[in-house]
file my_file35.cif (mmCIF, C-alpha atoms)
data_my_file
loop_
_atom_site.label_atom_id
_atom_site.label_comp_id
_atom_site.auth_asym_id
_atom_site.auth_seq_id
_atom_site.Cartn_x
_atom_site.Cartn_y
_atom_site.Cartn_z
CA MET A 647 -5.15 16.85 -13.23
CA LYS A 648 -6.29 13.26 -12.64
CA ALA A 649 -3.63 11.51 -10.57
CA LYS A 650 -3.43 7.73 -10.84
CA VAL A 651 -0.54 6.54 -8.71
CA VAL A 652 0.65 3.21 -7.35
CA PHE A 653 3.23 3.13 -4.57
CA HIS A 654 5.22 -0.09 -4.25
CA VAL A 655 6.85 -1.42 -1.08
CA ASP A 656 8.57 -4.78 -0.95
CA TRP A 657 11.11 -4.60 1.90
CA ASP A 658 10.36 -4.96 5.60
CA GLU A 659 11.57 -1.41 6.25
CA GLU A 660 9.19 0.80 8.19
CA LYS A 661 10.94 3.98 7.02
CA ARG A 662 10.07 3.21 3.38
CA LEU A 663 6.43 2.61 4.22
CA VAL A 664 6.25 5.80 6.29
CA MET A 665 7.80 7.71 3.37
CA ALA A 666 5.15 6.28 1.02
CA LEU A 667 2.36 7.25 3.45
CA ASN A 668 3.76 10.77 3.74
CA ASN A 669 4.06 11.01 -0.06
CA MET A 670 0.41 10.00 -0.39
CA ALA A 671 -0.69 12.58 2.18
CA ASN A 672 1.31 15.29 0.40
CA LEU A 673 -0.16 14.27 -2.96
CA LEU A 674 -3.66 14.60 -1.54
CA LYS A 675 -2.84 18.14 -0.38
CA GLU A 676 -2.25 19.09 -4.01
CA VAL A 677 -4.72 16.86 -5.86
CA SER A 678 -8.28 16.44 -4.62
CA VAL A 679 -9.60 13.08 -3.52
CA GLU A 680 -12.09 13.27 -6.40
CA ASP A 681 -9.25 13.71 -8.92
CA SER A 682 -7.05 10.89 -7.67
CA GLU A 683 -6.75 7.13 -7.56
CA ILE A 684 -4.00 6.09 -5.19
CA CYS A 685 -2.93 2.55 -4.30
CA LEU A 686 -0.12 1.00 -2.38
CA VAL A 687 0.94 -2.52 -3.36
CA ALA A 688 2.87 -4.48 -0.75
CA ASN A 689 4.64 -7.71 -1.59
CA GLY A 690 7.66 -9.66 -0.45
CA ALA A 691 8.89 -9.09 3.08
CA SER A 692 6.99 -5.81 3.38
CA VAL A 693 3.74 -7.66 4.14
CA ALA A 694 4.97 -7.99 7.74
CA LEU A 695 4.57 -4.21 8.11
CA PHE A 696 0.80 -4.50 7.75
CA ARG A 697 0.17 -6.72 10.76
CA ARG A 698 -2.27 -5.43 13.36
CA ASN A 699 -0.30 -6.60 16.42
CA PRO A 700 1.59 -4.91 17.77
CA ALA A 701 -0.28 -1.86 16.44
CA PRO A 702 2.21 0.15 14.39
CA ALA A 703 2.52 3.90 14.92
CA TYR A 704 1.46 4.54 11.31
CA ALA A 705 -1.84 2.62 11.55
CA SER A 706 -3.87 5.80 12.15
CA GLN A 707 -2.29 7.44 9.09
CA MET A 708 -3.30 4.41 7.02
CA ASP A 709 -6.87 4.66 8.37
CA ASP A 710 -6.97 8.36 7.46
CA LEU A 711 -5.67 7.74 3.94
CA SER A 712 -8.04 4.82 3.46
CA GLY A 713 -10.91 7.13 4.40
CA LYS A 714 -9.80 9.36 1.52
CA GLY A 715 -9.93 6.50 -0.94
CA VAL A 716 -6.36 5.19 -0.84
CA ARG A 717 -6.28 1.41 -1.30
CA PHE A 718 -3.74 -0.82 0.45
CA LEU A 719 -3.25 -3.99 -1.60
CA VAL A 720 -1.30 -6.80 0.06
CA CYS A 721 0.05 -9.78 -1.88
CA GLY A 722 -1.62 -13.07 -0.98
CA ASN A 723 1.37 -15.08 -2.20
CA SER A 724 3.68 -13.18 0.16
CA LEU A 725 1.27 -13.60 3.06
CA ARG A 726 1.38 -17.36 2.53
CA ASN A 727 5.18 -17.35 2.19
CA PHE A 728 5.55 -15.49 5.50
CA ASP A 729 2.75 -17.39 7.29
CA ILE A 730 0.64 -14.29 7.91
CA LEU A 731 -3.13 -14.70 8.02
CA ARG A 732 -5.51 -12.18 6.47
CA GLU A 733 -7.11 -11.74 9.89
CA ALA A 734 -3.77 -10.47 11.24
CA LEU A 735 -3.71 -7.48 8.87
CA LEU A 736 -4.68 -3.89 9.60
CA ASP A 737 -8.25 -3.02 8.63
CA PRO A 738 -7.52 -0.95 5.50
CA CYS A 739 -5.68 -3.84 3.84
CA GLU A 740 -7.14 -5.74 0.89
CA VAL A 741 -5.54 -9.01 -0.17
CA VAL A 742 -4.81 -9.52 -3.87
CA LYS A 743 -3.72 -12.84 -5.31
CA ALA A 744 -0.31 -11.69 -6.57
CA GLY A 745 1.22 -8.28 -5.90
CA ILE A 746 3.37 -8.38 -9.02
CA VAL A 747 0.34 -9.02 -11.23
CA GLU A 748 -1.48 -6.14 -9.53
CA LEU A 749 1.47 -3.81 -10.26
CA VAL A 750 1.46 -4.81 -13.92
CA ARG A 751 -2.32 -4.35 -14.15
CA LEU A 752 -2.27 -0.91 -12.54
CA GLN A 753 0.59 0.32 -14.72
CA ALA A 754 -1.22 -0.95 -17.82
CA GLU A 755 -4.21 1.15 -16.67
CA GLY A 756 -2.00 4.26 -16.62
CA PHE A 757 -0.98 4.42 -12.97
CA ALA A 758 2.34 6.16 -12.32
CA TYR A 759 4.76 3.87 -10.44
CA ILE A 760 6.43 5.26 -7.31
CA LYS A 761 9.01 3.30 -5.33
CA PRO A 762 10.00 5.10 -2.10
#
call {"tool": "encode", "arguments": {"input": "my_file35.cif", "output": "structure tokens"}}
result
Amino acid sequence: MKAKVVFHVDWDEEKRLVMALNNMANLLKEVSVEDSEICLVANGASVALFRRNPAPAYASQMDDLSGKGVRFLVCGNSLRNFDILREALLDPCEVVKAGIVELVRLQAEGFAYIKP
């Protein structure tokens, strides 16, 4: 089975992000890295969760998942709205212009949408 999945977080709630990270890890226990494309799109207030300082407890889990091909896509519009610089983000993060457009694009490409 080829798993194409996009997880979406938009609230500044660590427990939702941790749930998404755990869901991704569990998915990769069942579906090989080679048979999966997994992304997380963060927009709205959730972009604050991806700041490097202070280092969040889940940063190492993000690094591990990134090493397995998971992409962490952070909304550039939201970063501007919350005055967060790209340089302040954790290393695995990629900035996309608009998170909502990225969600639409991924779903149009057949990604399953998961909202923890």
call {"tool": "atom_distance", "arguments": {"input": "my_file35.cif", "atom1": "CA of Asp656 (chain A)", "atom2": "CA of Ser678 (chain A)"}}
result
27.3 Å
call {"tool": "residues_around", "arguments": {"input": "my_file35.cif", "residues": "region 709-712 of chain A", "least_positions_apart": "3", "cutoff": "8 Å", "atoms": "all atoms listed in the file", "output": "PyMOL selection string"}}
result
chain A and resi 670-671+705-706+715-718+737-738
call {"tool": "atom_distance", "arguments": {"input": "my_file35.cif", "atom1": "CA of Val687 (chain A)", "atom2": "CA of Leu719 (chain A)"}}
result
4.8 Å
call {"tool": "residues_around", "arguments": {"input": "my_file35.cif", "residues": "region 695-704 of chain A", "least_positions_apart": "6", "cutoff": "12 Å", "atoms": "only C-alpha atoms", "output": "PyMOL selection string"}}
result
chain A and resi 655-668+686-689+710-711+718-721+724-725+728-741
call {"tool": "resolve_selection", "arguments": {"input": "my_file35.cif", "expression": "the PyMOL selection byres ((chain A and resi 758) around 8)", "output": "list in words"}}
result
Lys650, Val651, Val652, Gln753, Gly756, Phe757, Tyr759 and Ile760 of chain A
call {"tool": "write_last_selection", "arguments": {"input": "my_file35.cif", "atoms": "C-alpha atoms", "output": "mmCIF file, in the coordinates of the input"}}
result
data_model
loop_
_atom_site.group_PDB
_atom_site.id
_atom_site.type_symbol
_atom_site.label_atom_id
_atom_site.label_comp_id
_atom_site.auth_asym_id
_atom_site.auth_seq_id
_atom_site.Cartn_x
_atom_site.Cartn_y
_atom_site.Cartn_z
ATOM 1 C CA LYS A 650 -3.430 7.730 -10.840
ATOM 2 C CA VAL A 651 -0.540 6.540 -8.710
ATOM 3 C CA VAL A 652 0.650 3.210 -7.350
ATOM 4 C CA GLN A 753 0.590 0.320 -14.720
ATOM 5 C CA GLY A 756 -2.000 4.260 -16.620
ATOM 6 C CA PHE A 757 -0.980 4.420 -12.970
ATOM 7 C CA TYR A 759 4.760 3.870 -10.440
ATOM 8 C CA ILE A 760 6.430 5.260 -7.310
#
call {"tool": "atom_distance", "arguments": {"input": "my_file35.cif", "atom1": "CA of Ala649 (chain A)", "atom2": "CA of Gln707 (chain A)"}}
result
20.1 Å
call {"tool": "residues_near_point", "arguments": {"input": "my_file35.cif", "point": "(0.2, -12.7, -7.6)", "cutoff": "10 Å", "atoms": "all atoms listed in the file", "output": "list in words"}}
result
Asn689, Val720, Cys721, Gly722, Asn723, Ser724, Val742, Lys743, Ala744, Gly745, Ile746, Val747, Glu748 and Leu749 of chain A
call {"tool": "axis_aligned_box", "arguments": {"input": "my_file35.cif", "around": "region 672-683 of chain A", "padding_each_side": "8 Å", "output": "lines of an AutoDock Vina configuration file"}}
result
center_x = -5.4
center_y = 13.1
center_z = -4.3
size_x = 29.4
size_y = 28.0
size_z = 25.3
call {"tool": "decode", "arguments": {"input": "my_file35.cif", "residues": "region 710-760 of chain A", "atoms": "C-alpha atoms", "output": "compact mmCIF listing (two decimals), in the first residue's frame"}}
result
# COMPACT_ATOMS: atom_id res chain seq x y z
CA ASP A 710 13.85 11.28 13.59
CA LEU A 711 10.72 11.51 11.42
CA SER A 712 12.40 13.97 9.08
CA GLY A 713 15.23 11.47 8.65
CA LYS A 714 12.60 9.00 7.47
CA GLY A 715 11.30 11.40 4.85
CA VAL A 716 8.50 13.17 6.72
CA ARG A 717 8.22 16.81 5.63
CA PHE A 718 7.25 19.61 8.02
CA LEU A 719 5.70 22.45 6.03
CA VAL A 720 5.15 25.72 7.89
CA CYS A 721 2.97 28.52 6.53
CA GLY A 722 4.90 31.66 5.60
CA ASN A 723 1.80 33.84 5.95
CA SER A 724 1.30 32.65 9.53
CA LEU A 725 4.97 33.19 10.36
CA ARG A 726 4.62 36.81 9.23
CA ASN A 727 1.36 37.26 11.15
CA PHE A 728 2.99 36.00 14.36
CA ASP A 729 6.34 37.76 13.78
CA ILE A 730 8.35 34.54 13.69
CA LEU A 731 11.46 34.45 11.52
CA ARG A 732 12.43 31.42 9.44
CA GLU A 733 15.73 31.31 11.32
CA ALA A 734 13.81 30.72 14.57
CA LEU A 735 12.31 27.44 13.34
CA LEU A 736 13.47 23.91 14.09
CA ASP A 737 15.76 22.43 11.45
CA PRO A 738 13.28 20.01 9.81
CA CYS A 739 10.87 22.83 8.96
CA GLU A 740 10.33 24.03 5.40
CA VAL A 741 8.48 27.28 4.82
CA VAL A 742 5.70 27.30 2.21
CA LYS A 743 4.03 30.48 1.01
CA ALA A 744 0.52 29.61 2.22
CA GLY A 745 -0.38 26.58 4.32
CA ILE A 746 -3.95 26.49 3.07
CA VAL A 747 -2.80 26.37 -0.56
CA GLU A 748 -0.38 23.56 0.33
CA LEU A 749 -3.23 21.58 1.93
CA VAL A 750 -5.37 21.98 -1.18
CA ARG A 751 -2.47 20.98 -3.44
CA LEU A 752 -1.61 17.87 -1.44
CA GLN A 753 -5.22 16.72 -1.26
CA ALA A 754 -5.57 17.24 -5.02
CA GLU A 755 -2.52 14.95 -5.39
CA GLY A 756 -4.33 12.22 -3.45
CA PHE A 757 -3.00 12.77 0.06
CA ALA A 758 -5.31 11.61 2.84
CA TYR A 759 -6.12 14.46 5.25
CA ILE A 760 -5.65 13.82 8.98
